[in-house]
Structures are given as C-alpha cells and as structure tokens.
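A.B. asks: This structure is in structure tokens; I'll ask about it shortly.
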Amino acid sequence: MERCSPGEVGFSAERLERINVGMQRYIDQQLIAGIVTLVARRGRVVHFERFGLQDIEAHRPVELDTIFRIYSMTKPITSVALMMLYERGLFHLNDPVSKFIPEFKKVKVFATEGELADLTREITIRDLLTHTAGLSYGDEEDFPVDELYGQADLFSAGITLEEMVHRLTDLPLVHQPGEVWRYSVATDVVGYLVEVISDMPFADFLDEKILQPLGMKDTAFFVPPAKIERFAEVYGQTEKGPLEVVDVATAGDYSETVRLHSGGQGLVSTAADYLRFAQMVLNKGELDGVRLLGPRTVELMTTNHLPPALLPIAMGEEQMPGFGFGLGFSVLIDAAQAGVMASVGTHGWGGWASTNSWIDPQEQLIGVLMLQYIPSDTYPIREGFRTLVYQALID
C-alpha cells in the first residue's frame with residue numbers, strides 16, 4: 001500500500017514519533033525483544049517501523065517483513081472464509097451445526113456434580129462465530145470439562161482438523177448454547193465447517209479464496225525453509241527471566257508442515273500482510289479490485305451480536321467492559337466503559353503472543369502491532385500502542 005506523509009491523512013508528524021519512543025522504551029527495558037508497528041488511514045500507510053531483535057541470541061534485528069505467529073488473529077480470517085460461503089446461500093446463521101457435522105447431535109452439557117444434561121437447544125453456526133456455543137479452550141485449572149479437553153489432546157500436531165472436531169464432540173459443553181460468552185475452540189469448528197460446506201480442505205480454501213487474492217504472500221500455516229530466517233523467536237516469562245525463548249523459529253512450531261490447520265490459532269503472517277486483510281474489511285469486503293464479501297455482510301460481522309445479559313465479555317478472569325462481539329471480531333460499544341481511545345464500532349482481535357490489530361471505520365484507521373511475547377496480558381503494550389496512535393490524530 002502507498003505510504004504518505006502524516007499531514008496528508010490528518011496526523012501530526014511530531015506526535016506520531018511518540019510511537020517510536022514508546023516502543024523503543026519496551027526494547028530498552030528488555031521487556032520485549034522486537035516489535036513492528038504499522039498504522040494506515042484512508043487506505044494509505046502513515047507509519048511502519050521496527051524495533052529490537054527477532055532473535056536475541058543471534059543478534060538478528062526485527063525487519064519490516066519479519067514473520068510472526070499471529071495465533072488468534074487467525075480467527076477473523078477464518079470467520080471471513082465461512083461468511084463467504086454464507087453469501088452463497090449455503091447455510092443460515094441459525095442453522096444447527098449438526099446439519100453439517102452430525103456428531104454434534106450427541107453433545108451434552110456439564111451439569112451439577114458432574115452429571116451430564118441434554119441441551120436446551122442445539123449449537124448454531126451463529127453460536128460458533130460469537131463464542132456462545134458453550135465450548136471451552138481447556139485452559140481453566142481445576143475445572144472438570146477443561147481437564148477433559150486436556151486429556152483429549154485436541155491440538156496434537158499429528159491429527160487433522162476433522163479428527164480434532166470429532167474428539168471435541170465427545171466432550172461435554174461448559175454451558176448451554178447461547179447462555180454465556182466463553183472464548184473457545186469454536187473457531188476451529190468454524191474452520192472445519194468451511195471444509196465441509198465448501199468440499200475443499202480448509203487450508204486450500206484460505207489460500208485460494210483469501211490469501212492469494214489479497215496478496216498475503218507470507219501468511220500460511222507454516223514457514224517454508226526459504227523464509228525461516230525471517231521467522232521470529234517467541235519469548236516469555238520463565239524462572240530465568242522475562243525474555244527466555246519459549247518457541248524457537250528453526251525447530252519449533254510452524255517450522256514444518258502440519259496436519260492440523262487450526263482455524264482458531266494456526267497462521268503466521270507479517271504486519272504488511274495483515275494490513276491487507278484489515279484494509280479489505282475496512283473497505284467493506286474489497287481490496288485492489290478483489291471483492292471477498294459484500295458490504296452488508298461485513299457490517300453484519302462487525303456489529304455486536306451479544307445481548308446485554310452476556311456482557312461484559314471476559315478473557316478468563318479479566319473482564320472487557322465496553323466491548324461486545326460480532327461474527328469473528330470484538331466490537332467496541334462503549335469507549336468510556338472500555339477506557340480506550342477509539343470510535344464506537346471499532347473492531348479487531350489479538351493473538352496469544354501479544355499481536356493485535358484493530359479497524360476504526362469512523363476514522364478510516366487501522367493499527368497493526370506485531371511482536372512475540374507470551375503471555376499476552378503481561379504488559380499493557382496493546383493499549384499503549386492504540387493510545388499512541390490516537391493521540392497523534394489531529395484531523
């Protein structure tokens with residue numbers, strides 16, 4: 001995308017420099033190894049910078065084309081894939097998932113004292129897209145259903161997406177469908193629905209229908225050998241300190257082909273690639289003459305679908321007041337409650353290793369933050385970056 005001077009799109013050049021100062025502070029304090037920040041407004045890039053190292057031991061600097069594990073930032077892409085099929089009239093949002101994956105007919109819900117109960121209604125496709133299906137992520141300690149998720153080994157690299165979903169249908173739900181917002185493996189089921197409904201392998205559908213048409217040349221389910229030097233290490237908190245490697249680039253996850261193409265967390269990408277996806281969404285489904293979705297579909301996806309009884313949403317014990325959820329995206333519904341500088345209707349999502357992206361239709365503004373630090377809630381870098389972007393906006 002074309003780069004422009006800050007003043008051409010309503011930014012103060014002097015105030016925009018504060019992003020550089022703020023990000024460099026994280027590097028200098030040795031809190032984060034490397035960061036890439038990207039800001040675009042009105043379809044033009046106004047800020048695209050890099051800070052620090054992608055590999056501390058090798059002293060390899062982060063580059064603008066460094067490849068990052070985007071983890072849950074895969075979810076909006078997977079959701080777009082399913083909604084492309086929705087536009088063909090191949091399903092309705094209120095269709096039961098069992099219409100396409102019959103095994104979901106047998107699912108029960110965990111009740112009191114470990115007993116299983118029948119569902120009050122079936123899980124719908126809308127439930128999957130809004131994380132109200134009653135599924136889980138298996139990461140809550142001392143909770144019986146999550147213990148079962150761990151035993152099922154849902155993310156074993158040796159299984160396929162189909163096998164993962166079939167294992168999932170043997171497990172009980174945490175809640176009745178539609179009763180609670182709970183972040184979960186629902187988007188992995190969405191990926192499998194894409195596979196079933198399109199009669200194409202999920203990875204092939206993403207590549208042929210979304211990634212290639214949008215020119216997202218570095219976005220995939222693994223990093224090939226020719227690109228491995230551009231792949232960042234993942235750092236995290238350990239007993240030895242805050243910047244210990246928790247996943248290496250050359251011999252870790254994503255460094256070889258996998259069988260399990262996770263629609264919820266499986267992709268790697270670059271800041272420039274993800275900007276292209278975000279710009280397509282901001283443009284209501286179109287980029288550079290390629291249309292993936294109609295404008296009304298994008299509006300439907302980026303509108304809050306949760307009733308007041310299901311708000312605020314929460315990631316574990318951390319509540320997110322002021323945010324609702326659409327079909328694959330969080331949606332800002334009250335900026336004051338959320339305590340963020342952004343317009344109502346801003347939508348996006350982040351990833352486990354602290355990556356993040358948001359789209360503000362009112363300001364025609366996109367922010368992309370790429371780094372590799374686990375866990376993602378250790379430092380307030382996401383909101384810090386957002387604040388630094390908005391304070392530089394003067395028109």
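Residues are referred to by chain and number: the chain letter is A, B, ... according to the order shown in the structure tokens, the number counts from 1 in that chain, and ligands are numbered separately from 1 in the order shown.
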Applying 9 Å and only C-alpha atoms, which residues near segment 76-80 of chain A remain after dropping the ones on its own chain fewer than 5 positions away? List them as number ranges by chain.

C.D. replies: A: 85, 129, 187-188, 190-191, 194, 206, 210, 263-264, 277, 292-293, 298, 301, 327-329, 348-349

A.B. asks: Keeping C-alpha atoms for every residue in the selection just given, could you write it to a file as a PDB file, in the first residue's frame?

C.D. replies:
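Result file is out-v9.pdb:
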```
ATOM      1  CA  LEU A  85     -19.973 -19.390   1.953  1.00  0.00           C
ATOM      2  CA  LEU A 129     -18.951 -17.287  15.394  1.00  0.00           C
ATOM      3  CA  THR A 187     -13.417 -21.017  15.515  1.00  0.00           C
ATOM      4  CA  ASP A 188     -11.627 -24.306  14.877  1.00  0.00           C
ATOM      5  CA  VAL A 190     -15.783 -22.858  12.007  1.00  0.00           C
ATOM      6  CA  GLY A 191     -12.708 -23.858  10.000  1.00  0.00           C
ATOM      7  CA  VAL A 194     -15.595 -24.260   5.799  1.00  0.00           C
ATOM      8  CA  LEU A 206      -7.964 -19.974   2.749  1.00  0.00           C
ATOM      9  CA  ILE A 210      -8.482 -15.236   0.631  1.00  0.00           C
ATOM     10  CA  GLY A 263      -8.855 -22.009  12.217  1.00  0.00           C
ATOM     11  CA  GLY A 264      -8.525 -20.507  15.665  1.00  0.00           C
ATOM     12  CA  PHE A 277      -6.676  -8.254   5.277  1.00  0.00           C
ATOM     13  CA  LEU A 292     -14.371 -11.207  -0.994  1.00  0.00           C
ATOM     14  CA  LEU A 293     -17.555 -10.079   0.770  1.00  0.00           C
ATOM     15  CA  VAL A 298     -19.066  -7.025   6.644  1.00  0.00           C
ATOM     16  CA  MET A 301     -19.894  -9.344  11.046  1.00  0.00           C
ATOM     17  CA  LEU A 327     -19.045 -12.684  13.940  1.00  0.00           C
ATOM     18  CA  GLY A 328     -15.326 -13.232  14.499  1.00  0.00           C
ATOM     19  CA  PHE A 329     -14.404  -9.754  15.768  1.00  0.00           C
ATOM     20  CA  GLY A 348     -10.495  -6.418  15.646  1.00  0.00           C
ATOM     21  CA  TRP A 349      -8.743  -9.069  17.690  1.00  0.00           C
TER      22      TRP A 349
END
```

A.B. asks: Determine which residues of segment 141-272 of chain A DSSP labels as alpha helix (DSSP H) from the backbone of this structure, then write them out as a ChimeraX atom specification.

C.D. replies: /A:144-152,161-168,186-198,202-206,212-214,271-272

A.B. asks: Just write the chosen residues, N, CA and C atoms, as a CSV table (one decimal), in the first residue's frame.

C.D. replies:
```
chain,number,residue,atom,x,y,z
A,144,PRO,N,-13.6,-29.4,35.7
A,144,PRO,CA,-13.7,-30.8,35.1
A,144,PRO,C,-13.8,-30.8,33.6
A,145,VAL,N,-14.5,-30.0,33.0
A,145,VAL,CA,-14.6,-30.0,31.5
A,145,VAL,C,-13.3,-29.7,30.9
A,146,ASP,N,-12.6,-28.7,31.4
A,146,ASP,CA,-11.3,-28.3,30.9
A,146,ASP,C,-10.2,-29.4,31.1
A,147,GLU,N,-10.4,-30.2,32.1
A,147,GLU,CA,-9.5,-31.3,32.3
A,147,GLU,C,-9.7,-32.4,31.2
A,148,LEU,N,-11.0,-32.5,30.8
A,148,LEU,CA,-11.3,-33.4,29.7
A,148,LEU,C,-10.7,-32.9,28.4
A,149,TYR,N,-10.7,-31.6,28.2
A,149,TYR,CA,-10.1,-31.1,27.0
A,149,TYR,C,-8.6,-31.4,26.9
A,150,GLY,N,-7.9,-31.3,28.1
A,150,GLY,CA,-6.5,-31.7,28.1
A,150,GLY,C,-6.3,-33.1,27.8
A,151,GLN,N,-7.1,-34.0,28.3
A,151,GLN,CA,-7.0,-35.4,28.1
A,151,GLN,C,-7.2,-35.8,26.6
A,152,ALA,N,-8.1,-35.0,26.0
A,152,ALA,CA,-8.4,-35.3,24.6
A,152,ALA,C,-7.3,-34.9,23.6
A,161,LEU,N,-7.9,-31.5,11.2
A,161,LEU,CA,-8.9,-30.7,11.7
A,161,LEU,C,-10.2,-31.5,11.9
A,162,GLU,N,-10.5,-32.4,11.0
A,162,GLU,CA,-11.6,-33.3,11.2
A,162,GLU,C,-11.5,-34.2,12.4
A,163,GLU,N,-10.3,-34.7,12.7
A,163,GLU,CA,-10.2,-35.6,13.9
A,163,GLU,C,-10.3,-34.7,15.1
A,164,MET,N,-9.8,-33.5,15.1
A,164,MET,CA,-9.9,-32.6,16.2
A,164,MET,C,-11.4,-32.4,16.6
A,165,VAL,N,-12.2,-32.0,15.6
A,165,VAL,CA,-13.6,-31.7,15.8
A,165,VAL,C,-14.3,-33.0,16.3
A,166,HIS,N,-14.0,-34.1,15.8
A,166,HIS,CA,-14.6,-35.4,16.2
A,166,HIS,C,-14.3,-35.7,17.7
A,167,ARG,N,-13.1,-35.4,18.1
A,167,ARG,CA,-12.7,-35.5,19.5
A,167,ARG,C,-13.5,-34.6,20.4
A,168,LEU,N,-13.7,-33.4,19.8
A,168,LEU,CA,-14.4,-32.3,20.6
A,168,LEU,C,-15.9,-32.7,20.8
A,186,ALA,N,-14.2,-22.7,19.3
A,186,ALA,CA,-15.4,-22.6,18.4
A,186,ALA,C,-14.9,-22.3,17.0
A,187,THR,N,-13.9,-21.4,16.9
A,187,THR,CA,-13.4,-21.0,15.5
A,187,THR,C,-12.7,-22.1,14.8
A,188,ASP,N,-12.2,-23.1,15.5
A,188,ASP,CA,-11.6,-24.3,14.9
A,188,ASP,C,-12.8,-25.1,14.2
A,189,VAL,N,-13.9,-25.1,14.9
A,189,VAL,CA,-15.1,-25.8,14.3
A,189,VAL,C,-15.5,-25.0,13.1
A,190,VAL,N,-15.5,-23.7,13.2
A,190,VAL,CA,-15.8,-22.9,12.0
A,190,VAL,C,-14.9,-23.2,10.8
A,191,GLY,N,-13.6,-23.4,11.1
A,191,GLY,CA,-12.7,-23.9,10.0
A,191,GLY,C,-13.1,-25.2,9.4
A,192,TYR,N,-13.5,-26.1,10.2
A,192,TYR,CA,-14.0,-27.4,9.7
A,192,TYR,C,-15.3,-27.3,8.9
A,193,LEU,N,-16.2,-26.4,9.4
A,193,LEU,CA,-17.4,-26.1,8.6
A,193,LEU,C,-17.0,-25.6,7.2
A,194,VAL,N,-16.0,-24.7,7.1
A,194,VAL,CA,-15.6,-24.3,5.8
A,194,VAL,C,-15.2,-25.5,4.9
A,195,GLU,N,-14.5,-26.4,5.5
A,195,GLU,CA,-14.0,-27.6,4.8
A,195,GLU,C,-15.2,-28.4,4.3
A,196,VAL,N,-16.2,-28.6,5.2
A,196,VAL,CA,-17.3,-29.5,4.9
A,196,VAL,C,-18.2,-28.8,3.9
A,197,ILE,N,-18.6,-27.6,4.1
A,197,ILE,CA,-19.5,-26.9,3.2
A,197,ILE,C,-19.0,-26.6,1.9
A,198,SER,N,-17.7,-26.3,1.8
A,198,SER,CA,-17.1,-26.0,0.5
A,198,SER,C,-16.6,-27.2,-0.2
A,202,PHE,N,-9.6,-27.0,4.3
A,202,PHE,CA,-9.7,-25.7,4.9
A,202,PHE,C,-8.5,-24.8,4.5
A,203,ALA,N,-7.3,-25.4,4.6
A,203,ALA,CA,-6.1,-24.7,4.2
A,203,ALA,C,-6.1,-24.2,2.8
A,204,ASP,N,-6.6,-25.1,1.9
A,204,ASP,CA,-6.6,-24.8,0.5
A,204,ASP,C,-7.6,-23.7,0.2
A,205,PHE,N,-8.8,-23.7,0.9
A,205,PHE,CA,-9.8,-22.7,0.8
A,205,PHE,C,-9.2,-21.3,1.2
A,206,LEU,N,-8.6,-21.2,2.3
A,206,LEU,CA,-8.0,-20.0,2.7
A,206,LEU,C,-7.0,-19.5,1.7
A,212,GLN,N,-4.2,-15.7,-1.4
A,212,GLN,CA,-3.7,-15.3,-2.7
A,212,GLN,C,-4.4,-14.1,-3.3
A,213,PRO,N,-5.7,-14.1,-3.3
A,213,PRO,CA,-6.4,-12.9,-3.9
A,213,PRO,C,-6.0,-11.6,-3.2
A,214,LEU,N,-5.8,-11.6,-1.9
A,214,LEU,CA,-5.4,-10.4,-1.2
A,214,LEU,C,-3.9,-10.1,-1.3
A,271,ALA,N,3.2,-8.0,9.3
A,271,ALA,CA,2.4,-6.8,9.5
A,271,ALA,C,1.8,-6.3,8.2
A,272,ALA,N,2.6,-6.3,7.1
A,272,ALA,CA,2.1,-5.8,5.8
A,272,ALA,C,1.0,-6.7,5.3
```

A.B. asks: Tell me which of A:Ser354, A:Ser12, A:Gln319, A:Gln54 sits closest to Ala33 of chain A, counting only C-alpha atoms.

C.D. replies: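 The shortest atom-to-atom distance to Ala33 of chain A comes from A:Gln54.
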
A.B. asks: Counting only C-alpha atoms, which residue out of A:Glu140, A:Glu87, A:Glu256, A:Asp153 sits closest to Arg296 of chain A?

C.D. replies: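 Nearest to Arg296 of chain A: A:Glu87.
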
A.B. asks: Where does segment 69-143 of chain A meet segment 363-383 of chain A within 12 Å, residue by residue, with the nearest atom pair and distance in Å to one decimal for each, counting only C-alpha atoms, listed by chain and rising number, as a tab-separated table?

C.D. replies:
```
residue	atom	partner	partner_atom	distance
A:Arg69	CA	A:Gln372	CA	7.3
A:Ile70	CA	A:Met370	CA	8.1
A:Tyr71	CA	A:Gln372	CA	10.3
A:Ser72	CA	A:Ser376	CA	11.2
A:Met73	CA	A:Val368	CA	10.8
```

A.B. asks: How close does each residue of segment 153-235 of chain A get to segment 244-254 of chain A, giving the shortest atom pair and distance in Å to one decimal for every residue with an atom at most 6 Å away, counting only C-alpha atoms, sorted by chain and residue number, as CSV?

C.D. replies:
```
residue,atom,partner,partner_atom,distance
A:Phe222,CA,A:Tyr254,CA,4.3
A:Val223,CA,A:Tyr254,CA,5.9
A:Phe231,CA,A:Ala249,CA,5.7
A:Ala232,CA,A:Ala249,CA,5.9
A:Glu233,CA,A:Val248,CA,5.0
A:Val234,CA,A:Asp247,CA,5.1
A:Tyr235,CA,A:Val245,CA,4.4
```

A.B. asks: How many Å separate atom CA of Arg121 of chain A from atom CA of Gln176 of chain A?

C.D. replies: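 Answer for the atom CA of Arg121 of chain A to atom CA of Gln176 of chain A separation: 7.9 Å.
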
A.B. asks: Could you tell me how far atom CA of Leu116 of chain A lies from atom CA of Leu93 of chain A, in Å and to one decimal?

C.D. replies: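 Interatomic distance here is 26.7 Å.
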
A.B. asks: From the set A:Gln391, A:Pro177, A:Arg386, A:Gly89, which residue has the shortest atom-to-atom contact distance to Ala13 of chain A, counting only C-alpha atoms?

C.D. replies: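 Closest to Ala13 of chain A of all the choices is A:Gln391.
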
A.B. asks: Can you pull out every residue within 9 Å of Gln337 of chain A, counting only C-alpha atoms, but drop anything in the same chain fewer than 2 positions away, and send it as an NGL selection string?

C.D. replies: :A and (320-323 or 333-335 or 339-340)

A.B. asks: From the set A:Lys105, A:Arg41, A:Thr270, A:Val344, which residue has the shortest atom-to-atom contact distance to Leu282 of chain A, counting only C-alpha atoms?

C.D. replies: A:Arg41

A.B. asks: Measuring between only C-alpha atoms, which one of A:Gly138, A:Pro61, A:Pro172, A:Pro295 shows the shortest distance to Asp118 of chain A?

C.D. replies: A:Pro172

A.B. asks: Using only C-alpha atoms, which of the listed residues (A:Gly384, A:Gly285, A:Gly345, A:Gly294) sits closest to Arg25 of chain A?

C.D. replies: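 Result for the nearest residue to Arg25 of chain A: A:Gly384.
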
A.B. asks: Using only C-alpha atoms, determine which residues lie at most 12 Å from Ile313 of chain A, disregarding the query and same-chain residues fewer than 5 positions distant; provide the list as a ChimeraX atom specification.

C.D. replies: /A:130-132,180-183,304-308,318-326,330-333,338

A.B. asks: Can you tell me which residues surround Asp288 of chain A at a distance of at most 10 Å, considering only C-alpha atoms, apart from same-chain residues fewer than 3 positions away, and format the answer as a JSON list (two decimals) with C-alpha atoms, in the first residue's frame?

C.D. replies:
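result-v9.json, freshly written:
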```json
[["chain", "number", "residue", "atom", "x", "y", "z"],
["A", 1, "MET", "CA", 0.00, 0.00, 0.00],
["A", 213, "PRO", "CA", -6.42, -12.94, -3.89],
["A", 214, "LEU", "CA", -5.42, -10.40, -1.23],
["A", 215, "GLY", "CA", -1.70, -10.78, -1.96],
["A", 276, "ARG", "CA", -4.09, -6.06, 3.55],
["A", 279, "GLN", "CA", -7.96, -2.94, 4.75],
["A", 280, "MET", "CA", -10.24, -5.36, 2.90],
["A", 283, "ASN", "CA", -13.27, -1.32, 2.62],
["A", 291, "ARG", "CA", -14.08, -8.44, -3.59]]
```

A.B. asks: Need to verify the contact set: Gly52 of chain A, 12 Å, only C-alpha atoms, exclusion of same-chain residues closer than 3 positions in sequence. Can you return it as an mmCIF file with C-alpha atoms, in the first residue's frame?

C.D. replies:
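The resulting file, selection_6.cif, is shown below:
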```cif
data_model
loop_
_atom_site.group_PDB
_atom_site.id
_atom_site.type_symbol
_atom_site.label_atom_id
_atom_site.label_comp_id
_atom_site.auth_asym_id
_atom_site.auth_seq_id
_atom_site.Cartn_x
_atom_site.Cartn_y
_atom_site.Cartn_z
ATOM 1 C CA ASN A 20 8.748 5.154 18.198
ATOM 2 C CA MET A 23 8.039 1.080 21.544
ATOM 3 C CA GLN A 24 11.767 1.659 21.945
ATOM 4 C CA ARG A 25 11.197 2.011 25.685
ATOM 5 C CA TYR A 26 9.929 -1.580 25.818
ATOM 6 C CA ILE A 27 13.053 -2.706 23.970
ATOM 7 C CA ASP A 28 15.466 -0.682 26.119
ATOM 8 C CA GLN A 29 13.891 -2.024 29.321
ATOM 9 C CA GLN A 30 14.323 -5.554 27.930
ATOM 10 C CA LEU A 31 10.615 -6.249 28.335
ATOM 11 C CA ILE A 32 10.070 -7.136 24.668
ATOM 12 C CA ALA A 33 12.630 -8.471 22.170
ATOM 13 C CA GLY A 34 11.288 -6.995 18.953
ATOM 14 C CA ILE A 35 8.278 -5.070 17.670
ATOM 15 C CA VAL A 36 6.801 -3.979 14.325
ATOM 16 C CA THR A 37 4.140 -1.249 14.310
ATOM 17 C CA GLU A 49 8.528 0.930 11.872
ATOM 18 C CA ASP A 55 16.361 -13.374 17.718
ATOM 19 C CA ILE A 56 18.344 -12.126 20.718
ATOM 20 C CA HIS A 59 21.520 -10.629 17.286
ATOM 21 C CA ARG A 60 19.141 -10.698 14.327
ATOM 22 C CA PRO A 61 17.111 -7.494 14.110
ATOM 23 C CA VAL A 62 13.399 -7.385 13.505
ATOM 24 C CA GLU A 63 12.680 -6.390 9.908
ATOM 25 C CA LEU A 64 9.533 -4.942 8.393
ATOM 26 C CA THR A 66 9.619 -10.460 9.837
ATOM 27 C CA ALA A 232 10.830 -14.563 14.901
ATOM 28 C CA MET A 370 3.406 -7.439 15.812
ATOM 29 C CA LEU A 371 5.642 -8.956 18.479
ATOM 30 C CA GLN A 372 6.215 -12.374 20.057
#
```

A.B. asks: In Å, rounded to a single decimal, give me how far atom CA of Thr219 of chain A is from atom CA of Gln265 of chain A.

C.D. replies: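 Spanning atom CA of Gln265 of chain A to atom CA of Thr219 of chain A is a straight-line distance of 12.5 Å.
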